[in-house]
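Participant: Contents of data.txt (compact mmCIF, C-alpha atoms) are below:
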# COMPACT_ATOMS: atom_id res chain seq x y z
CA MET U 1 59.78 143.53 62.38
CA LYS U 2 58.59 140.42 60.56
CA PHE U 3 61.25 138.04 59.30
CA ASP U 4 61.84 134.44 58.26
CA LEU U 5 65.45 133.25 58.20
CA HIS U 6 65.07 129.65 57.01
CA THR U 7 64.07 128.94 53.40
CA HIS U 8 65.20 126.56 50.67
CA HIS U 9 64.80 126.34 46.89
CA PHE U 10 65.33 123.97 43.95
CA ARG U 11 69.13 123.72 44.23
CA CYS U 12 68.99 121.41 47.26
CA GLY U 13 67.07 118.81 45.25
CA HIS U 14 64.11 118.45 47.62
CA ALA U 15 62.47 121.88 47.53
CA ASP U 16 60.30 123.61 44.93
CA GLY U 17 60.67 127.03 43.34
CA ASN U 18 63.51 129.44 42.70
CA ILE U 19 64.85 132.08 45.07
CA ARG U 20 62.76 134.87 43.56
CA ASP U 21 59.62 132.84 44.32
CA TYR U 22 60.53 132.86 48.02
CA VAL U 23 61.25 136.59 48.02
CA GLU U 24 57.91 137.29 46.36
CA ALA U 25 56.17 134.99 48.84
CA ALA U 26 57.78 136.91 51.69
CA LEU U 27 56.46 140.19 50.29
CA GLU U 28 53.00 138.67 49.98
CA ALA U 29 53.23 137.49 53.61
CA GLY U 30 54.05 141.01 54.77
CA LEU U 31 57.62 140.29 55.86
CA GLN U 32 60.28 143.00 56.05
CA VAL U 33 63.19 140.54 56.05
CA ILE U 34 63.61 137.25 54.17
CA GLY U 35 66.61 135.01 54.68
CA ILE U 36 67.63 132.54 51.99
CA SER U 37 69.39 129.57 53.59
CA ASP U 38 69.64 126.56 51.34
CA HIS U 39 71.69 123.50 52.30
CA THR U 40 75.45 123.66 51.92
CA PRO U 41 77.14 121.23 49.57
CA TYR U 42 78.66 118.14 51.17
CA PHE U 43 82.16 119.57 51.46
CA GLY U 44 83.46 116.43 53.14
CA GLU U 45 82.78 114.30 50.04
CA LYS U 46 84.93 114.12 46.90
CA GLU U 47 82.05 114.35 44.43
CA ASP U 48 80.74 117.73 43.31
CA ARG U 49 77.23 116.67 44.29
CA ALA U 50 77.42 113.61 46.49
CA PHE U 51 73.72 113.60 47.46
CA PRO U 52 71.63 115.23 44.70
CA ARG U 53 68.34 115.01 46.61
CA ILE U 54 69.77 116.51 49.80
CA ALA U 55 72.10 119.39 48.95
CA MET U 56 73.49 121.51 46.13
CA GLY U 57 76.75 120.71 44.39
CA LYS U 58 79.95 122.52 45.28
CA SER U 59 80.00 124.13 41.84
CA GLU U 60 76.53 125.60 42.51
CA LEU U 61 77.53 127.54 45.61
CA GLN U 62 78.96 130.50 43.69
CA HIS U 63 75.80 130.75 41.57
CA TYR U 64 73.63 130.56 44.69
CA VAL U 65 75.57 133.38 46.36
CA ARG U 66 75.51 135.57 43.26
CA GLU U 67 71.76 135.10 42.77
CA VAL U 68 70.94 136.04 46.36
CA LEU U 69 73.21 139.10 46.23
CA ASP U 70 71.64 140.20 42.95
CA LEU U 71 68.15 139.85 44.43
CA LYS U 72 69.28 141.75 47.52
CA LYS U 73 70.09 144.71 45.28
CA GLU U 74 66.99 144.34 43.14
CA TYR U 75 64.59 144.30 46.09
CA GLU U 76 66.34 146.95 48.16
CA GLY U 77 63.76 149.31 49.62
CA ARG U 78 60.98 146.71 49.32
CA ILE U 79 62.31 143.88 51.46
CA ASP U 80 65.67 143.09 53.02
CA VAL U 81 67.00 139.92 51.35
CA LEU U 82 69.63 138.21 53.50
CA LEU U 83 72.26 135.75 52.34
CA GLY U 84 72.25 132.78 54.66
CA ILE U 85 72.97 129.09 54.38
CA GLU U 86 72.14 125.97 56.38
CA SER U 87 75.28 124.01 57.08
CA ASP U 88 75.45 120.44 58.26
CA PHE U 89 77.69 119.89 61.25
CA PHE U 90 80.08 116.96 60.97
CA PRO U 91 82.89 117.23 63.56
CA GLU U 92 85.28 115.30 61.35
CA HIS U 93 84.75 117.77 58.48
CA ALA U 94 84.21 120.98 60.45
CA GLU U 95 87.45 122.62 59.35
CA THR U 96 86.75 121.79 55.72
CA TYR U 97 83.34 123.43 55.98
CA ARG U 98 84.83 126.41 57.78
CA LYS U 99 87.36 126.92 54.97
CA PHE U 100 84.77 126.77 52.19
CA LEU U 101 82.36 129.14 53.95
CA ALA U 102 84.85 131.64 55.36
CA ASP U 103 85.19 133.87 52.31
CA VAL U 104 81.47 134.15 51.50
CA PRO U 105 79.69 137.31 52.76
CA PHE U 106 76.95 135.47 54.63
CA ASP U 107 74.60 137.44 56.83
CA TYR U 108 74.30 134.31 58.96
CA ILE U 109 74.91 130.56 58.93
CA ILE U 110 72.48 128.06 60.43
CA GLY U 111 74.22 125.03 61.91
CA SER U 112 72.13 121.87 61.89
CA VAL U 113 72.78 118.33 63.03
CA HIS U 114 71.08 116.05 60.49
CA SER U 115 72.96 112.84 61.18
CA VAL U 116 73.90 110.87 64.30
CA GLY U 117 76.17 107.87 64.02
CA GLY U 118 76.05 108.08 60.24
CA VAL U 119 72.24 107.75 60.14
CA SER U 120 69.76 110.52 59.32
CA ILE U 121 67.94 111.91 62.34
CA PHE U 122 64.71 111.56 60.33
CA ASN U 123 65.15 107.82 59.72
CA LYS U 124 62.50 106.32 61.98
CA ASN U 125 63.86 102.81 61.41
CA ARG U 126 66.99 103.66 63.40
CA TRP U 127 64.99 103.24 66.60
CA LYS U 128 63.75 99.71 65.90
CA GLY U 129 64.93 97.14 68.41
CA LEU U 130 66.77 99.63 70.64
CA SER U 131 66.51 99.31 74.39
CA GLU U 132 65.63 102.29 76.56
CA GLN U 133 69.29 102.73 77.48
CA GLU U 134 70.33 102.62 73.82
CA ARG U 135 67.72 105.25 72.98
CA ILE U 136 69.07 107.45 75.76
CA ARG U 137 72.58 107.00 74.39
CA VAL U 138 71.50 108.10 70.88
CA LYS U 139 69.67 111.14 72.24
CA GLU U 140 72.67 112.14 74.33
CA GLU U 141 74.95 111.77 71.31
CA TYR U 142 72.61 114.04 69.33
CA TYR U 143 72.81 116.77 71.96
CA ARG U 144 76.56 116.40 72.34
CA LEU U 145 76.84 117.11 68.62
CA ILE U 146 74.64 120.18 69.03
CA GLN U 147 76.91 121.35 71.86
CA ASP U 148 79.96 120.84 69.65
CA SER U 149 78.30 122.81 66.86
CA ALA U 150 77.68 125.69 69.26
CA ARG U 151 81.30 125.68 70.40
CA SER U 152 82.65 125.55 66.85
CA GLY U 153 82.16 129.29 66.36
CA MET U 154 80.92 128.65 62.83
CA PHE U 155 77.25 129.51 63.32
CA GLN U 156 74.99 132.35 64.37
CA ILE U 157 71.92 130.11 64.62
CA LEU U 158 71.38 126.47 65.51
CA GLY U 159 68.63 124.79 63.51
CA HIS U 160 65.69 122.75 64.84
CA ILE U 161 67.36 121.46 68.01
CA ASP U 162 64.87 118.66 68.69
CA ALA U 163 64.17 117.67 65.09
CA MET U 164 65.08 114.08 65.85
CA LYS U 165 61.47 113.78 67.01
CA GLY U 166 60.30 114.61 63.48
CA ASN U 167 59.59 111.06 62.33
CA PHE U 168 59.78 109.51 65.80
CA PRO U 169 57.55 111.49 68.18
CA ALA U 170 58.51 109.23 71.11
CA PHE U 171 61.96 110.88 70.98
CA SER U 172 60.54 113.64 73.19
CA ASP U 173 59.76 111.12 75.92
CA ILE U 174 63.29 109.70 76.11
CA PRO U 175 64.69 111.05 79.42
CA ALA U 176 67.50 113.56 78.79
CA ASP U 177 66.77 116.64 80.90
CA GLU U 178 70.33 116.95 82.15
CA ILE U 179 72.01 116.98 78.75
CA ILE U 180 69.35 119.29 77.28
CA ASP U 181 70.00 121.80 80.07
CA GLU U 182 73.74 121.40 79.53
CA THR U 183 73.22 122.04 75.81
CA LEU U 184 71.14 125.16 76.39
CA GLN U 185 73.72 126.51 78.83
CA THR U 186 76.43 125.94 76.22
CA ILE U 187 74.40 127.73 73.55
CA ALA U 188 73.80 130.68 75.86
CA GLU U 189 77.50 130.89 76.76
CA CYS U 190 78.41 130.89 73.06
CA GLY U 191 76.01 133.79 72.38
CA ILE U 192 74.21 132.18 69.48
CA ALA U 193 70.51 131.70 68.82
CA ILE U 194 68.18 128.77 68.39
CA GLU U 195 65.38 128.91 65.88
CA ILE U 196 61.73 128.18 66.39
CA ASN U 197 61.16 126.17 63.23
CA THR U 198 57.61 125.48 62.08
CA SER U 199 58.44 122.68 59.65
CA GLY U 200 57.67 120.05 62.27
CA LYS U 201 54.11 120.18 60.95
CA THR U 202 55.38 118.44 57.79
CA LYS U 203 56.68 115.46 59.81
CA LEU U 204 55.03 112.78 61.94
CA SER U 205 55.60 114.75 65.14
CA GLY U 206 53.62 117.78 63.99
CA GLY U 207 54.08 121.06 65.83
CA TRP U 208 57.24 123.13 66.03
CA TYR U 209 60.89 122.60 66.84
CA PRO U 210 61.79 122.83 69.67
CA ALA U 211 59.08 121.80 72.11
CA ASP U 212 57.69 124.33 74.60
CA ALA U 213 59.49 122.58 77.46
CA ILE U 214 62.82 123.27 75.77
CA LEU U 215 61.85 126.87 75.04
CA GLU U 216 60.97 127.39 78.70
CA ARG U 217 64.42 126.13 79.69
CA ALA U 218 66.02 128.26 76.96
CA LEU U 219 64.44 131.35 78.49
CA HIS U 220 65.75 130.33 81.90
CA PHE U 221 69.31 130.06 80.58
CA GLY U 222 69.11 133.28 78.52
CA VAL U 223 69.25 131.71 75.06
CA ASN U 224 68.42 133.99 72.13
CA VAL U 225 65.63 132.81 69.81
CA THR U 226 64.82 133.47 66.18
CA PHE U 227 62.26 132.32 63.63
CA GLY U 228 62.47 130.14 60.54
CA SER U 229 59.72 128.40 58.61
CA ASP U 230 62.18 126.01 56.95
CA ALA U 231 60.02 126.48 53.86
CA HIS U 232 60.62 124.04 51.02
CA VAL U 233 57.74 125.50 49.02
CA PRO U 234 57.14 129.25 48.63
CA GLY U 235 53.69 128.99 50.18
CA ARG U 236 55.19 128.17 53.59
CA VAL U 237 57.27 131.36 53.89
CA GLY U 238 56.45 132.99 57.21
CA ASP U 239 54.20 130.06 58.13
CA GLU U 240 52.79 130.45 61.68
CA ARG U 241 55.17 133.29 62.45
CA ASP U 242 52.51 135.24 64.36
CA GLU U 243 51.43 132.16 66.33
CA VAL U 244 55.06 131.55 67.31
CA ALA U 245 55.44 135.16 68.47
CA ARG U 246 52.35 134.86 70.67
CA ARG U 247 53.55 131.59 72.18
CA LEU U 248 56.98 133.02 72.93
CA LYS U 249 55.33 135.93 74.72
CA ASP U 250 53.24 133.48 76.77
CA ILE U 251 56.42 131.64 77.77
CA GLY U 252 58.03 134.92 78.83
CA PHE U 253 60.22 136.03 75.93
CA ARG U 254 60.08 139.72 75.05
CA GLU U 255 62.31 139.78 71.96
CA TRP U 256 63.83 137.64 69.28
CA VAL U 257 66.76 138.20 66.99
CA TYR U 258 67.88 138.09 63.39
CA PHE U 259 71.32 138.52 61.88
CA LYS U 260 72.65 140.85 59.23
CA GLY U 261 76.34 140.87 58.36
CA LYS U 262 76.58 138.32 61.22
CA ASP U 263 75.58 141.09 63.64
CA LYS U 264 72.75 140.24 66.01
CA LYS U 265 69.64 142.45 65.74
CA ALA U 266 67.17 142.18 68.61
CA VAL U 267 63.57 143.15 67.89
CA PRO U 268 60.46 143.11 70.12
CA LEU U 269 58.03 140.25 69.72
Spit out the file's structure as structure tokens when you get a sec.

Facilitator:
Amino acid sequence: MKFDLHTHHFRCGHADGNIRDYVEAALEAGLQVIGISDHTPYFGEKEDRAFPRIAMGKSELQHYVREVLDLKKEYEGRIDVLLGIESDFFPEHAETYRKFLADVPFDYIIGSVHSVGGVSIFNKNRWKGLSEQERIRVKEEYYRLIQDSARSGMFQILGHIDAMKGNFPAFSDIPADEIIDETLQTIAECGIAIEINTSGKTKLSGGWYPADAILERALHFGVNVTFGSDAHVPGRVGDERDEVARRLKDIGFREWVYFKGKDKKAVPL
């Protein structure tokens, strides 16, 4: 079973193409399942579209859902189109997000931490002038947020759990083994999955999220894994999916999962 659960499109303001383009790209890539998972609106802000280059407006959500559901029907029998979404996790707004998303028939929701201390995780300038202890503190705060997102019960998948290395590769070298293990244990206890996300190649870090060392620990703790390209252009749908499957086998995984109707489906690698 070949699937990709993490794709975006024009509504988020920083991706190219419409949803149909991603479905067609998935067919061309030989996938049986394609998940559409654009960024949620910023429900914690008053404006309809508080950040036009980051996420869709609140008024667009209904159109997004309808379009995916229409394409699901249209492509039935050719490819399984899943309705997903990538939701930011802000503890102070979690209940607001939960309320807005509760009545939508999502197949799955990806929970992603994109901001720590009010600053984007991809902002490489945030690290300037920080001592080693301050860097450790930021990294620990990042993983505490990921733990909180797992415990929230809002998500089936956690997105790119070491993406803070994206524009600051030295992030991986900041010592934090204890809190990473604690985070993976929490994720396993909550019964949700982490994605192997191949969009790291578009950042300074290169490679995938998360690093092999984290995947090895995830296997140890019994964490479920899934796949997402995090495609922002149709040509990246399914990108490096086969390479990821081979690497997971080398590490010791024998299956990965996807979600339909929020039910977990395990399939062999």

Participant: May I ask which of the residues U:Glu178, U:Glu141, U:Asp80, U:Glu132 is the closest one to Met164 in chain U, counting all atoms listed in the file?

Facilitator: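 Looking only at the distances to Met164 in chain U, the closest residue turns out to be U:Glu141.
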
Participant: Which one of U:Gly191, U:Glu76, U:Thr183, U:Lys58 sits closest to Gln147 in chain U if you count all atoms listed in the file?

Facilitator: U:Thr183

Participant: Work out how far CA of Phe227 in chain U is from CA of Phe3 in chain U, in Å to one decimal.

Facilitator: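 The value is 7.2 Å.
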
Participant: I want to know what sits within 7 Å of Val257 in chain U, based on only C-alpha atoms, with residues of the same chain fewer than 5 positions away left out; could you give that as a PyMOL selection string?

Facilitator: chain U and resi 224-226+264-267

Participant: In terms of the shortest atom-to-atom distance over all atoms listed in the file, which of U:Leu158, U:Val233, U:Leu248, U:Val65 is closest to Ala213 in chain U?

Facilitator: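 Ranking U:Leu158, U:Val233, U:Leu248, U:Val65 by distance to Ala213 in chain U, first place goes to U:Leu248.
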
Participant: From the list U:Val113, U:Ile36, U:Ala55, U:Met154, which residue is nearest Glu95 in chain U when using only C-alpha atoms?

Facilitator: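 The shortest atom-to-atom distance to Glu95 in chain U comes from U:Met154.
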
Participant: Point out the residue among U:Gly238, U:Glu189, U:His114, U:Val33 with the least atom-to-atom distance to Phe259 in chain U, counting all atoms listed in the file.

Facilitator: U:Val33

Participant: Measuring between all atoms listed in the file, which one of U:Ser172, U:Glu92, U:Arg144, U:Gln32 shows the shortest distance to Glu45 in chain U?

Facilitator: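 Checking each candidate against Glu45 in chain U, we get U:Glu92 as the closest.
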
Participant: If we count only C-alpha atoms and set the cut-off at 10 Å, which residues sit around Asp181 in chain U, ignoring sequence neighbours fewer than 2 positions away in its own chain? Please answer as number ranges by chain.

Facilitator: U: 143, 176-179, 183-187, 214, 217-218, 220-221

Participant: For the selection you just gave me, I'd like the residues written to a file as a CSV table (one decimal), in the coordinates of the input, keeping C-alpha atoms.

Facilitator:
chain,number,residue,atom,x,y,z
U,143,TYR,CA,72.8,116.8,72.0
U,176,ALA,CA,67.5,113.6,78.8
U,177,ASP,CA,66.8,116.6,80.9
U,178,GLU,CA,70.3,117.0,82.2
U,179,ILE,CA,72.0,117.0,78.8
U,183,THR,CA,73.2,122.0,75.8
U,184,LEU,CA,71.1,125.2,76.4
U,185,GLN,CA,73.7,126.5,78.8
U,186,THR,CA,76.4,125.9,76.2
U,187,ILE,CA,74.4,127.7,73.6
U,214,ILE,CA,62.8,123.3,75.8
U,217,ARG,CA,64.4,126.1,79.7
U,218,ALA,CA,66.0,128.3,77.0
U,220,HIS,CA,65.8,130.3,81.9
U,221,PHE,CA,69.3,130.1,80.6

Participant: Suppose you want the space between CA of Glu86 in chain U and CA of His39 in chain U; what is it in Å?

Facilitator: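 The value is 4.8 Å.
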
Participant: So that I can see what lies close to Val104 in chain U, please list as an MDAnalysis selection string the residues with an atom at most 12 Å from it, counting all atoms listed in the file and leaving out residues fewer than 6 positions away in the same chain.

Facilitator: chainID U and resid 61:66 68:69 83:85 97:98 261:262

Participant: Contacts of Ile110 in chain U at 10 Å or less, counting only C-alpha atoms, minus same-chain residues fewer than 3 places along, as a PyMOL selection string?

Facilitator: chain U and resi 5-6+37-39+84-89+154-160+193-195

Participant: What does the structure give for the distance between CA of Asn167 in chain U and CA of Gly200 in chain U, in Å to one decimal?

Facilitator: 9.2 Å

Participant: What lies within 12 Å of Glu47 in chain U using all atoms listed in the file, ignoring chain neighbours under 6 positions off, as a PyMOL selection string?

Facilitator: chain U and resi 41+56-59
